[in-house]
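K.L.:
Quick one, input.cif (mmCIF, C-alpha atoms and all ligand atoms):
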```cif
data_run
#
loop_
_atom_site.label_atom_id
_atom_site.label_comp_id
_atom_site.auth_asym_id
_atom_site.auth_seq_id
_atom_site.Cartn_x
_atom_site.Cartn_y
_atom_site.Cartn_z
CA MET A 1 30.31 -19.31 -4.34
CA ASN A 2 31.09 -22.18 -1.97
CA TYR A 3 29.08 -22.31 1.21
CA LYS A 4 30.69 -20.92 4.34
CA LYS A 5 28.99 -20.21 7.66
CA LEU A 6 29.24 -16.48 8.28
CA ASP A 7 29.79 -14.69 11.57
CA LYS A 8 29.30 -11.07 12.53
CA LEU A 9 32.59 -10.07 10.91
CA THR A 10 32.45 -12.17 7.72
CA VAL A 11 28.84 -11.06 7.14
CA LEU A 12 30.21 -7.57 6.51
CA GLU A 13 32.88 -8.92 4.11
CA TYR A 14 30.22 -10.91 2.24
CA ILE A 15 27.92 -7.97 1.57
CA LEU A 16 30.78 -5.85 0.15
CA ASP A 17 30.30 -7.79 -3.11
CA VAL A 18 26.50 -7.51 -3.16
CA ASN A 19 25.52 -4.43 -5.18
CA SER A 20 21.87 -4.27 -4.11
CA VAL A 21 22.92 -4.20 -0.45
CA MET A 22 25.83 -1.81 -0.92
CA SER A 23 23.69 0.65 -2.86
CA TYR A 24 21.21 0.60 0.05
CA PHE A 25 23.94 1.54 2.57
CA GLY A 26 26.07 3.76 0.31
CA GLU A 27 29.45 4.60 1.83
CA ASP A 28 28.29 4.21 5.44
CA GLU A 29 30.42 2.31 7.94
CA LEU A 30 28.52 -0.82 9.00
CA GLN A 31 28.11 -3.04 12.02
CA ALA A 32 26.59 -6.54 12.33
CA ASP A 33 24.98 -8.16 15.38
CA GLU A 34 23.54 -11.65 15.69
CA ILE A 35 19.93 -11.22 16.84
CA GLY A 36 18.46 -14.66 16.04
CA ASP A 37 16.14 -16.14 18.64
CA GLY A 38 14.56 -18.87 16.51
CA ASN A 39 15.20 -22.61 16.65
CA LEU A 40 16.85 -23.14 13.29
CA ASN A 41 18.94 -20.34 11.78
CA PHE A 42 21.33 -17.44 12.30
CA VAL A 43 19.97 -13.93 11.87
CA TYR A 44 22.20 -10.82 11.68
CA LYS A 45 21.13 -7.23 11.85
CA ILE A 46 23.42 -5.12 9.67
CA SER A 47 23.18 -1.45 10.53
CA SER A 48 24.72 1.81 9.47
CA LEU A 49 26.79 3.52 12.17
CA LYS A 50 26.01 6.91 10.59
CA ASP A 51 22.24 6.55 10.21
CA THR A 52 20.63 4.29 12.80
CA GLN A 53 17.43 4.16 10.74
CA LYS A 54 19.25 2.23 8.02
CA ALA A 55 19.41 -1.52 8.63
CA LEU A 56 18.92 -4.85 6.87
CA ILE A 57 18.57 -8.45 8.04
CA LEU A 58 20.82 -11.25 6.79
CA LYS A 59 19.49 -14.71 7.63
CA GLN A 60 21.64 -17.77 7.00
CA ALA A 61 20.81 -21.47 7.36
CA VAL A 62 23.46 -23.78 8.80
CA PRO A 63 23.60 -27.53 8.13
CA TYR A 64 22.18 -28.31 11.57
CA LEU A 65 19.46 -27.22 13.99
CA ARG A 66 20.68 -24.06 15.72
CA CYS A 67 18.88 -24.71 19.04
CA VAL A 68 20.38 -28.21 19.46
CA GLY A 69 23.77 -27.84 17.78
CA GLU A 70 25.84 -29.66 15.16
CA GLU A 71 24.82 -33.10 16.45
CA PHE A 72 21.30 -32.52 15.02
CA ALA A 73 22.07 -32.41 11.28
CA LEU A 74 19.51 -30.64 9.11
CA SER A 75 20.26 -29.76 5.53
CA ARG A 76 20.60 -26.05 4.78
CA GLU A 77 18.46 -26.57 1.63
CA ARG A 78 15.64 -25.22 3.78
CA MET A 79 16.79 -21.73 2.82
CA ASN A 80 15.98 -22.45 -0.85
CA TYR A 81 12.34 -22.95 0.14
CA GLU A 82 12.32 -19.88 2.35
CA ILE A 83 13.61 -17.76 -0.56
CA ARG A 84 11.07 -19.26 -2.97
CA ALA A 85 8.19 -18.78 -0.53
CA LEU A 86 9.18 -15.16 0.27
CA GLN A 87 9.18 -14.47 -3.47
CA LYS A 88 5.89 -16.25 -4.13
CA PHE A 89 4.03 -14.65 -1.21
CA TYR A 90 5.52 -11.25 -2.11
CA SER A 91 4.19 -11.64 -5.66
CA ILE A 92 0.68 -12.20 -4.26
CA PHE A 93 0.68 -9.72 -1.37
CA PRO A 94 3.86 -7.57 -1.09
CA SER A 95 2.75 -5.52 1.90
CA PHE A 96 2.82 -8.59 4.18
CA ILE A 97 6.34 -9.75 3.33
CA PRO A 98 9.70 -8.09 4.09
CA LYS A 99 11.32 -6.86 0.90
CA VAL A 100 14.14 -9.13 -0.28
CA TYR A 101 17.36 -7.33 -1.33
CA HIS A 102 19.48 -10.36 -2.14
CA SER A 103 19.40 -14.12 -1.91
CA SER A 104 21.93 -16.87 -2.52
CA GLU A 105 21.03 -20.56 -2.63
CA SER A 106 24.71 -21.58 -2.60
CA MET A 107 25.37 -19.55 0.58
CA SER A 108 21.91 -20.50 1.98
CA LEU A 109 21.12 -16.91 2.86
CA VAL A 110 18.70 -14.10 2.27
CA VAL A 111 19.09 -10.35 2.87
CA MET A 112 15.83 -8.56 3.60
CA GLU A 113 14.19 -5.45 4.95
CA TYR A 114 14.71 -4.90 8.69
CA LEU A 115 11.29 -4.49 10.29
CA ASP A 116 12.30 -1.79 12.72
CA SER A 117 8.92 -0.75 14.07
CA HIS A 118 7.52 -4.29 14.44
CA VAL A 119 7.75 -6.80 17.28
CA ILE A 120 7.36 -10.57 17.27
CA MET A 121 3.64 -11.06 17.82
CA ARG A 122 4.12 -13.73 20.52
CA LYS A 123 5.87 -11.10 22.65
CA GLY A 124 3.22 -8.47 21.93
CA LEU A 125 0.52 -10.93 23.03
CA LEU A 126 2.43 -11.66 26.25
CA ASP A 127 2.55 -7.90 26.83
CA LYS A 128 -1.23 -7.66 26.31
CA VAL A 129 -1.12 -5.50 23.20
CA GLU A 130 -4.45 -5.41 21.35
CA TYR A 131 -3.67 -5.51 17.63
CA LYS A 132 -6.98 -4.19 16.39
CA LYS A 133 -6.23 -4.64 12.68
CA PHE A 134 -4.74 -8.11 12.95
CA SER A 135 -7.77 -10.25 12.10
CA GLU A 136 -8.46 -8.13 9.03
CA GLN A 137 -4.81 -8.26 7.94
CA ILE A 138 -4.05 -11.93 8.47
CA SER A 139 -7.37 -13.12 7.02
CA THR A 140 -6.64 -11.17 3.84
CA PHE A 141 -3.10 -12.54 3.57
CA MET A 142 -4.15 -16.13 4.23
CA ALA A 143 -7.25 -16.10 2.02
CA ALA A 144 -5.27 -14.60 -0.89
CA THR A 145 -2.18 -16.78 -0.63
CA LEU A 146 -4.15 -20.00 -0.07
CA PHE A 147 -6.72 -19.29 -2.77
CA TYR A 148 -4.28 -18.09 -5.46
CA THR A 149 -1.94 -21.06 -4.99
CA SER A 150 -4.73 -23.65 -5.06
CA SER A 151 -6.40 -25.62 -7.85
CA LEU A 152 -9.41 -23.33 -7.41
CA HIS A 153 -7.34 -20.72 -9.25
CA LEU A 154 -4.30 -22.32 -10.90
CA SER A 155 -4.48 -24.46 -14.00
CA SER A 156 -3.68 -28.11 -13.61
CA SER A 157 -0.15 -27.68 -15.01
CA GLU A 158 0.59 -24.53 -12.94
CA LYS A 159 -0.45 -26.36 -9.80
CA ARG A 160 1.77 -29.35 -10.56
CA ALA A 161 4.69 -26.97 -11.24
CA LEU A 162 4.09 -25.34 -7.85
CA ILE A 163 4.13 -28.75 -6.17
CA ASP A 164 7.40 -29.58 -7.97
CA ARG A 165 8.95 -26.33 -6.79
CA PHE A 166 8.03 -26.75 -3.14
CA ASN A 167 7.33 -30.34 -2.23
CA SER A 168 10.94 -31.44 -2.31
CA ASN A 169 11.20 -29.59 1.03
CA VAL A 170 11.31 -33.09 2.46
CA GLU A 171 13.42 -32.55 5.56
CA LEU A 172 11.28 -29.80 7.04
CA CYS A 173 8.05 -31.61 6.14
CA LYS A 174 9.46 -34.68 7.91
CA LEU A 175 10.42 -32.53 10.92
CA SER A 176 6.79 -31.37 11.22
CA GLU A 177 5.47 -34.90 10.70
CA ASP A 178 7.65 -36.00 13.64
CA LEU A 179 7.29 -32.99 15.93
CA VAL A 180 3.73 -31.81 15.30
CA PHE A 181 2.04 -35.19 14.95
CA SER A 182 4.17 -37.93 16.51
CA PHE A 183 6.93 -37.54 19.11
CA ALA A 184 5.05 -35.18 21.45
CA PHE A 185 2.34 -37.84 21.89
CA MET A 186 4.54 -40.77 22.94
CA GLU A 187 7.56 -41.62 25.08
CA HIS A 188 10.37 -39.97 23.13
CA GLU A 189 13.87 -38.80 23.98
CA THR A 190 13.26 -35.34 22.52
CA ASN A 191 10.34 -34.59 24.88
CA ILE A 192 10.62 -32.22 27.83
CA ASN A 193 8.98 -32.04 31.31
CA MET A 194 7.12 -35.33 30.95
CA GLU A 195 8.77 -37.40 33.71
CA ASP A 196 6.31 -38.36 36.47
CA ASP A 197 3.66 -36.24 34.79
CA GLU A 198 0.19 -37.79 35.09
CA ASN A 199 -1.15 -35.69 32.19
CA ALA A 200 1.65 -36.95 29.94
CA LYS A 201 0.90 -40.57 30.88
CA ARG A 202 -2.80 -40.04 30.14
CA LEU A 203 -2.01 -38.32 26.84
CA PHE A 204 0.34 -41.06 25.65
CA LEU A 205 -2.30 -43.72 26.42
CA ASP A 206 -5.19 -41.85 24.80
CA MET A 207 -5.69 -44.02 21.72
CA GLU A 208 -8.94 -42.32 20.72
CA LEU A 209 -7.11 -39.00 20.56
CA LYS A 210 -4.12 -40.49 18.76
CA GLU A 211 -6.37 -41.90 16.06
CA ARG A 212 -7.59 -38.34 15.37
CA ILE A 213 -4.02 -37.04 15.26
CA LEU A 214 -3.13 -39.77 12.81
CA GLU A 215 -6.02 -38.74 10.52
CA LEU A 216 -4.65 -35.21 10.48
CA LYS A 217 -1.07 -36.34 9.97
CA TYR A 218 -2.27 -38.30 6.97
CA LYS A 219 -3.90 -35.18 5.53
CA PHE A 220 -0.68 -33.24 6.19
CA MET A 221 1.33 -35.88 4.32
CA THR A 222 -0.95 -36.35 1.34
CA GLN A 223 -3.22 -33.36 0.70
CA ASN A 224 -1.72 -30.85 -1.76
CA ASP A 225 -4.28 -28.03 -1.53
CA ALA A 226 -2.24 -24.82 -1.58
CA LEU A 227 1.14 -23.27 -0.78
CA LEU A 228 1.46 -23.10 3.00
CA HIS A 229 3.81 -21.06 5.13
CA GLY A 230 4.20 -24.27 7.12
CA ASP A 231 5.16 -22.73 10.50
CA LEU A 232 2.74 -19.84 10.94
CA HIS A 233 2.86 -19.49 14.72
CA THR A 234 2.87 -16.11 16.44
CA GLY A 235 6.70 -16.10 16.38
CA SER A 236 6.54 -15.96 12.56
CA ILE A 237 4.51 -12.74 12.55
CA MET A 238 6.09 -9.34 13.12
CA ILE A 239 3.56 -6.68 13.95
CA ASN A 240 2.73 -3.21 15.19
CA GLU A 241 -0.56 -1.39 15.54
CA LYS A 242 -0.67 -0.57 11.83
CA GLU A 243 1.04 -3.40 9.95
CA ALA A 244 1.53 -7.16 10.11
CA CYS A 245 4.35 -8.97 8.32
CA VAL A 246 4.92 -12.67 7.86
CA ILE A 247 8.51 -13.97 8.20
CA ASP A 248 10.32 -17.32 8.28
CA PRO A 249 8.53 -19.46 5.65
CA GLU A 250 11.25 -22.13 5.46
CA PHE A 251 8.68 -24.91 6.14
CA ALA A 252 6.71 -23.90 3.03
CA PHE A 253 5.16 -26.71 0.98
CA VAL A 254 1.94 -27.42 -0.87
CA GLY A 255 -0.25 -28.94 1.85
CA PRO A 256 -3.74 -28.94 3.37
CA PHE A 257 -5.66 -25.64 3.47
CA GLY A 258 -6.38 -25.95 7.19
CA PHE A 259 -2.82 -26.35 8.46
CA ASP A 260 -1.59 -22.72 8.68
CA LEU A 261 -4.97 -21.62 10.04
CA GLY A 262 -4.77 -24.35 12.68
CA VAL A 263 -1.20 -23.47 13.71
CA LEU A 264 -2.16 -19.82 14.16
CA LEU A 265 -5.32 -20.71 16.09
CA ALA A 266 -3.31 -22.99 18.39
CA ASN A 267 -0.79 -20.27 19.18
CA PHE A 268 -3.64 -17.89 20.04
CA VAL A 269 -4.91 -20.63 22.35
CA SER A 270 -1.52 -20.69 24.14
CA SER A 271 -1.75 -16.93 24.68
CA TYR A 272 -5.34 -17.29 25.91
CA VAL A 273 -4.22 -19.94 28.40
CA TYR A 274 -1.33 -17.77 29.59
CA HIS A 275 -3.69 -14.89 30.30
CA SER A 276 -6.15 -17.26 32.00
CA VAL A 277 -3.57 -18.79 34.34
CA VAL A 278 -0.81 -16.22 34.81
CA SER A 279 -1.93 -12.65 34.14
CA ARG A 280 -5.61 -13.51 34.75
CA ASP A 281 -6.66 -10.56 32.65
CA ASP A 282 -10.28 -11.14 31.61
CA GLU A 283 -10.43 -8.15 29.31
CA TYR A 284 -7.40 -9.25 27.35
CA ARG A 285 -8.67 -12.82 27.17
CA GLU A 286 -11.87 -11.51 25.63
CA TRP A 287 -9.83 -9.62 23.03
CA ILE A 288 -8.03 -12.87 22.14
CA LEU A 289 -11.38 -14.66 21.76
CA LEU A 290 -12.73 -11.91 19.54
CA SER A 291 -9.58 -12.02 17.38
CA ILE A 292 -9.87 -15.79 16.95
CA LYS A 293 -13.49 -15.50 15.91
CA GLU A 294 -12.81 -12.62 13.54
CA PHE A 295 -9.76 -14.01 11.81
CA LEU A 296 -11.41 -17.37 11.14
CA ALA A 297 -14.74 -15.89 10.03
CA LYS A 298 -13.10 -13.24 7.84
CA PHE A 299 -10.82 -15.82 6.30
CA GLN A 300 -13.81 -17.90 5.20
CA ALA A 301 -15.68 -14.91 3.78
CA LYS A 302 -12.64 -13.58 1.89
CA PHE A 303 -11.69 -16.97 0.51
CA LEU A 304 -15.23 -17.35 -0.87
CA ASP A 305 -15.07 -13.81 -2.29
CA PHE A 306 -11.84 -14.60 -4.15
CA TRP A 307 -13.51 -17.74 -5.43
CA SER A 308 -16.55 -15.80 -6.71
CA GLU A 309 -14.33 -13.24 -8.45
CA SER A 310 -12.16 -15.87 -10.09
CA LYS A 311 -12.96 -16.63 -13.71
CA ASN A 312 -10.78 -19.71 -14.11
CA SER A 313 -10.85 -22.90 -12.19
CA ALA A 314 -9.14 -26.13 -13.09
CA LEU A 315 -11.59 -27.82 -10.74
CA LEU A 316 -14.87 -26.38 -11.98
CA VAL A 317 -15.35 -26.41 -15.70
CA ASP A 318 -17.89 -23.87 -17.06
CA GLY A 319 -21.41 -25.29 -17.30
CA TYR A 320 -20.65 -28.23 -15.01
CA MET A 321 -23.00 -27.32 -12.17
CA ASP A 322 -26.04 -25.10 -11.68
CA LYS A 323 -25.73 -22.02 -9.46
CA ALA A 324 -27.49 -23.43 -6.40
CA ALA A 325 -25.47 -26.64 -6.41
CA LEU A 326 -22.26 -24.62 -6.82
CA GLU A 327 -23.09 -22.38 -3.85
CA ALA A 328 -23.85 -25.42 -1.70
CA TYR A 329 -20.59 -27.04 -2.81
CA LYS A 330 -18.58 -23.93 -1.88
CA LYS A 331 -20.26 -23.69 1.51
CA LYS A 332 -19.42 -27.29 2.34
CA PHE A 333 -15.89 -26.82 0.98
CA ILE A 334 -15.07 -23.90 3.29
CA ARG A 335 -16.76 -25.59 6.25
CA ASP A 336 -14.49 -28.61 5.79
CA VAL A 337 -11.41 -26.33 5.65
CA PHE A 338 -12.59 -24.74 8.91
CA ARG A 339 -13.07 -28.15 10.53
CA ASP A 340 -9.61 -29.33 9.52
CA SER A 341 -8.08 -26.14 10.90
CA VAL A 342 -9.64 -26.92 14.30
CA GLY A 343 -8.16 -30.43 14.12
CA PHE A 344 -4.70 -29.14 13.18
CA ALA A 345 -4.95 -26.58 15.99
CA GLY A 346 -5.50 -29.45 18.43
CA CYS A 347 -2.29 -31.15 17.23
CA GLU A 348 -0.23 -27.93 17.29
CA ALA A 349 -1.45 -26.77 20.71
CA ALA A 350 -0.86 -30.17 22.35
CA ARG A 351 2.55 -30.77 20.76
CA ARG A 352 3.88 -27.58 22.39
CA VAL A 353 3.29 -29.06 25.88
CA TYR A 354 5.81 -31.95 25.99
CA GLY A 355 7.40 -31.68 22.54
CA VAL A 356 10.92 -30.32 22.05
CA ALA A 357 9.71 -27.00 20.61
CA GLY A 358 7.80 -25.33 23.44
CA VAL A 359 6.29 -21.85 23.37
CA GLU A 360 7.31 -19.07 25.73
CA GLU A 361 3.81 -18.40 27.08
CA ILE A 362 3.53 -21.99 28.39
CA ARG A 363 7.02 -23.48 28.77
CA GLY A 364 8.38 -20.13 29.93
CA ILE A 365 6.09 -19.97 33.01
CA SER A 366 8.61 -20.12 35.85
CA ASP A 367 6.23 -21.13 38.65
CA LYS A 368 5.98 -24.94 38.36
CA LEU A 369 2.43 -25.19 39.66
CA LEU A 370 1.15 -22.48 37.35
CA ARG A 371 2.95 -24.06 34.43
CA ALA A 372 1.33 -27.43 35.20
CA GLU A 373 -2.06 -25.69 35.36
CA ALA A 374 -1.44 -24.01 31.99
CA GLU A 375 -0.26 -27.28 30.41
CA ALA A 376 -3.35 -29.11 31.65
CA LEU A 377 -5.58 -26.39 30.23
CA VAL A 378 -3.87 -26.47 26.83
CA LEU A 379 -4.25 -30.27 26.72
CA LYS A 380 -7.92 -30.06 27.68
CA ILE A 381 -8.66 -27.54 24.92
CA ALA A 382 -6.59 -29.48 22.38
CA ARG A 383 -8.51 -32.65 23.20
CA GLU A 384 -11.85 -30.89 22.74
CA PHE A 385 -10.65 -29.58 19.37
CA LEU A 386 -9.49 -33.00 18.25
CA MET A 387 -12.55 -34.92 19.42
CA ASN A 388 -14.97 -32.41 17.85
CA TYR A 389 -13.21 -31.17 14.72
CA LYS A 390 -15.21 -33.33 12.33
CA THR A 391 -18.56 -31.92 13.40
CA ILE A 392 -17.80 -28.40 14.64
CA GLN A 393 -20.18 -25.92 12.98
CA ASN A 394 -18.86 -22.41 13.57
CA CYS A 395 -16.39 -20.11 15.35
CA ASP A 396 -18.68 -19.65 18.35
CA GLU A 397 -18.21 -23.31 19.21
CA ILE A 398 -14.44 -22.72 19.42
CA LEU A 399 -15.00 -19.84 21.84
CA GLU A 400 -17.33 -22.05 23.89
CA ILE A 401 -14.63 -24.72 24.14
CA LEU A 402 -12.13 -22.11 25.36
CA ARG A 403 -14.52 -20.52 27.86
CA ASP A 404 -15.74 -23.86 29.23
CA ALA A 405 -12.24 -25.26 29.66
CA ARG A 406 -11.46 -23.08 32.69
P1 LIG B 1 14.33 -19.05 12.60
O1 LIG B 1 14.09 -19.70 11.29
O2 LIG B 1 15.62 -19.45 13.21
O3 LIG B 1 13.16 -19.23 13.54
P2 LIG B 1 13.41 -16.32 12.09
O4 LIG B 1 13.26 -16.02 10.65
O5 LIG B 1 12.17 -16.62 12.85
O6 LIG B 1 14.48 -17.48 12.30
O7 LIG B 1 14.16 -15.10 12.76
C1 LIG B 1 14.61 -15.14 14.11
C2 LIG B 1 14.39 -13.77 14.75
O8 LIG B 1 15.10 -12.76 14.01
C3 LIG B 1 12.93 -13.33 14.76
O9 LIG B 1 12.27 -13.85 15.89
C4 LIG B 1 13.07 -11.81 14.81
O10 LIG B 1 13.33 -11.39 16.15
C5 LIG B 1 14.35 -11.56 13.98
N1 LIG B 1 14.00 -11.24 12.58
C6 LIG B 1 13.89 -12.10 11.55
N2 LIG B 1 13.57 -11.46 10.40
C7 LIG B 1 13.49 -10.15 10.72
C8 LIG B 1 13.20 -8.94 9.97
N3 LIG B 1 12.96 -9.00 8.67
N4 LIG B 1 13.22 -7.77 10.64
C9 LIG B 1 13.47 -7.71 11.97
N5 LIG B 1 13.76 -8.79 12.72
C10 LIG B 1 13.76 -10.00 12.12
C1 LIG B 2 13.29 -28.41 17.17
S1 LIG B 2 12.73 -26.93 16.62
C2 LIG B 2 11.58 -27.19 15.40
C3 LIG B 2 10.43 -26.31 15.52
O1 LIG B 2 10.80 -24.94 15.37
C4 LIG B 2 10.15 -24.40 14.23
O2 LIG B 2 9.84 -23.06 14.38
C5 LIG B 2 8.95 -25.30 13.99
O3 LIG B 2 7.82 -24.90 14.75
C6 LIG B 2 9.48 -26.62 14.40
O4 LIG B 2 8.50 -27.58 14.76
MG MG B 3 11.29 -18.40 13.45
MG MG B 4 6.45 -2.95 4.19
MG MG B 5 12.29 -20.80 10.98
#
```
Translate this file's structure into structure tokens.
Ligand code: ADP
Ligand code: SR1
Ligand code: MG
Ligand code: MG
Ligand code: MG

P.N.:
Amino acid sequence: MNYKKLDKLTVLEYILDVNSVMSYFGEDELQADEIGDGNLNFVYKISSLKDTQKALILKQAVPYLRCVGEEFALSRERMNYEIRALQKFYSIFPSFIPKVYHSSESMSLVVMEYLDSHVIMRKGLLDKVEYKKFSEQISTFMAATLFYTSSLHLSSSEKRALIDRFNSNVELCKLSEDLVFSFAFMEHETNINMEDDENAKRLFLDMELKERILELKYKFMTQNDALLHGDLHTGSIMINEKEACVIDPEFAFVGPFGFDLGVLLANFVSSYVYHSVVSRDDEYREWILLSIKEFLAKFQAKFLDFWSESKNSALLVDGYMDKAALEAYKKKFIRDVFRDSVGFAGCEAARRVYGVAGVEEIRGISDKLLRAEAEALVLKIAREFLMNYKTIQNCDEILEILRDAR
């Protein structure tokens, strides 16, 4: 089928020919609404008029960036990687991924389960919801998907095949290279709110900091550790008190272990800052700190558990090392992943301040003075992360940085 951008009427015509979708809805009369709120794509909710419980999501990529418009061309190939990543992650941990009913690379679209009882986590965090199971859930998902797509588990040829399947996602990798590591740290036309801003001037002249960011950008560009989601901020998690689901993996590629962990940590930092400056809710801030500590600590423990259980390793050939040396190696390995994640968190948190893609809990603060206070706090924390990431020892040091920053 030739590509055509759908709208809320043609979406319904399209699905008439898709058996898996039609057998889900039966004979019901259907309605489609565009509900997308992301930066890149169009998302339709297709629902039954007869049974309001019955609904599916159709997400379609367009050959441009939705939030800017047709003048910012971006190939719709990104949907191929989203489909592949949904399938791969589903094969490792189905309960964290919406079920896919249909996908079409030629139409750049996917039809998936509608998560009706979940909310976007960023919004839940703004509303001060305590997701008590989250650290357990996300640490399991991340430890499993990162471990089982790495060379600690895959054979050499399987790993290279995985890289071939994902690392041609060049446009979205380049977008992150530009937006996460470069433009937000210099004078650039895409930046926002930086005119006459003393913090922006200081940031753009901070060569010591920029050297650290460059080190991390280099890792992002060259280190093929495991299959990443690639954009795992709190807007890519849909959640309720019982379940967490990961959506929107169009930035997926085989990259450094610490990147997704860092992105998630940074977005928790933005929520922490919001509740420090705007809601000033100490109890909720403490819950955020506890969640950060738990998800990072549990991730490390679970990743090491998967490693101990795993029989095969392309990296470690049987009989190569004695037990004590192997344990020491693993300990250092996971500590280095943790350190990189703190570095990546510094980049991700800081880029949301002046970069084009802001986050609601900071850029959405309507009071200008409060917003400036929140931005300064994010930058201070990000700088501490970046200047200390190579020597940081444990999660408590992250909490100390956050507590001391106020
Ligand atoms: P983009 O790539 O444009 O960021 P997303 O995949 O993040 O698109 O989807 C945009 C929005 O659509 C999400 O923030 C969420 O509100 C909604 N959405 C996406 N997938 C689902 C789903 N499976 N169930 C319910 N809502 C969804
Ligand atoms: C210009 S928008 C690009 C950003 O949105 C995505 O969700 C990624 O975070 C990306 O950096
Ligand atoms: Mg999104
Ligand atoms: Mg489910
Ligand atoms: Mg997206």

K.L.:
Output the neighbourhood of ligand LIG 2 (chain B) as JSON, numbers by chain, that is, all protein and nucleic acid residues with some atom at most 7 Å from the ligand, counting all atoms listed in the file.

P.N.:
{"A": [38, 39, 40, 67, 175, 176, 179, 180, 231, 356, 357]}

K.L.:
Those selected residues, please, written with C-alpha atoms and delivered as a tab-separated table (two decimals), in the coordinates of the input.

P.N.:
```
chain	number	residue	atom	x	y	z
A	38	GLY	CA	14.56	-18.87	16.51
A	39	ASN	CA	15.20	-22.61	16.65
A	40	LEU	CA	16.85	-23.14	13.29
A	67	CYS	CA	18.88	-24.71	19.04
A	175	LEU	CA	10.42	-32.53	10.92
A	176	SER	CA	6.79	-31.37	11.22
A	179	LEU	CA	7.29	-32.99	15.93
A	180	VAL	CA	3.73	-31.81	15.30
A	231	ASP	CA	5.16	-22.73	10.50
A	356	VAL	CA	10.92	-30.32	22.05
A	357	ALA	CA	9.71	-27.00	20.61
```

K.L.:
Quick one: residues within 12 Å of Arg165 (chain A), only C-alpha atoms counted, chain neighbours fewer than 6 positions away excluded, as a PyMOL selection string?

P.N.:
chain A and resi 80-85+88+158-159+227+252-254

K.L.:
Taking all atoms of region 147-150 of chain A that the file lists, what box with edges along x, y and z, padded by 4 Å per side, do you get, with centre and edge lengths in Å to one decimal, as JSON?

P.N.:
```
{"center_x": -4.3, "center_y": -20.9, "center_z": -4.1, "size_x": 12.8, "size_y": 13.6, "size_z": 10.7}
```

K.L.:
What is the distance, in Å and to one decimal place, between CA of Lys50 (chain A) and CA of Ile15 (chain A)?

P.N.:
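Interatomic distance, CA of Lys50 (chain A) to CA of Ile15 (chain A): 17.5 Å.
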
K.L.:
Quick one, how far is CA of Gln31 (chain A) from CA of Gly69 (chain A)?

P.N.:
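Going from CA of Gln31 (chain A) over to CA of Gly69 (chain A) covers 25.8 Å.
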
K.L.:
Using all atoms listed in the file, determine which residues lie at most 10 Å from region 195-211 of chain A, disregarding the query and same-chain residues fewer than 2 positions distant; provide the list as a ChimeraX atom specification.

P.N.:
/A:181-187,191-193,213-217,346-347,350,353-354,372,375-376,379-380,382-384,386-387

K.L.:
Give the answer as one residue: which of A:Tyr114, A:Phe25, A:Phe306, A:Phe166 has the shortest atom-to-atom distance to Asp51 (chain A), using all atoms listed in the file?

P.N.:
A:Phe25

K.L.:
May I ask which of the residues A:Ala61, A:Leu6, A:Leu316, A:Leu304 is the closest one to ligand MG 5 (chain B), counting all atoms listed in the file?

P.N.:
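Ranking A:Ala61, A:Leu6, A:Leu316, A:Leu304 by distance to ligand MG 5 (chain B), first place goes to A:Ala61.
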
K.L.:
Which chains and residue numbers are within 7 Å of ligand MG 4 (chain B), counting all atoms listed in the file, if I want them as a ChimeraX atom specification?

P.N.:
/A:95-98

K.L.:
My list of candidates is A:Arg160, A:Arg335, A:His233, A:Lys4. Which is closest to ligand LIG 1 (chain B) when distances are computed with all atoms listed in the file?

P.N.:
A:His233

K.L.:
To check your reading of the model: which residues sit at most 7 Å from ligand LIG 1 (chain B) when counting all atoms listed in the file? Write the answer as JSON, numbers by chain.

P.N.:
{"A": [35, 36, 37, 38, 39, 40, 41, 42, 43, 57, 98, 112, 113, 114, 115, 116, 120, 235, 236, 247, 248, 250]}

K.L.:
To one decimal place, how far is CA of Asp305 (chain A) from CA of Ala226 (chain A) in Å?

P.N.:
16.9 Å

K.L.:
Which polymer residues have any atom within 10 Å of an atom of Phe299 (chain A), counting only C-alpha atoms, with same-chain residues fewer than 5 positions away left out, as a list in words?

P.N.:
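Near Phe299 (chain A), the qualifying residues are Ser135, Glu136, Gln137, Ile138, Ser139, Thr140, Phe141, Met142, Ala143, Ala144, Leu261, Lys293, Glu294, Leu304, Asp305, Ile334 and Phe338 of chain A.
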
K.L.:
For each of A:Val277, A:Thr145, A:Asp322, A:Ser291, take the minimum atom-to-atom distance to Arg406 (chain A), counting all atoms listed in the file, then give the residue where this is smallest.

P.N.:
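Result for the nearest residue to Arg406 (chain A): A:Val277.
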
K.L.:
Smallest atom-to-atom distance to ligand MG 3 (chain B): which of A:Thr234, A:Ser91, A:Thr10, A:Ser106, using only C-alpha atoms and all ligand atoms?

P.N.:
A:Thr234

K.L.:
Would you list the contacts of Asp281 (chain A) as a compact mmCIF listing (two decimals) with C-alpha atoms, keeping the file's coordinate frame, taking every protein, DNA or RNA residue within 10 Å and counting all atoms listed in the file, but skipping same-chain residues closer than 6 positions in sequence?

P.N.:
```
# COMPACT_ATOMS: atom_id res chain seq x y z
CA LYS A 128 -1.23 -7.66 26.31
CA TYR A 272 -5.34 -17.29 25.91
CA TYR A 274 -1.33 -17.77 29.59
CA HIS A 275 -3.69 -14.89 30.30
```

K.L.:
Residues within 9 Å of (-12.2, -27.9, 11.6), file coordinates, counting only C-alpha atoms: what are they? Give the list as an NGL selection string.

P.N.:
:A and (258 or 262 or 335-345 or 385-386 or 388-394)

K.L.:
Can you work out which one of A:Ile237, A:Leu12, A:Ile362, A:Leu162 has the shortest atom-to-atom distance to ligand MG 3 (chain B), counting all atoms listed in the file?

P.N.:
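Residue with the minimum atom-to-atom distance to ligand MG 3 (chain B): A:Ile237.
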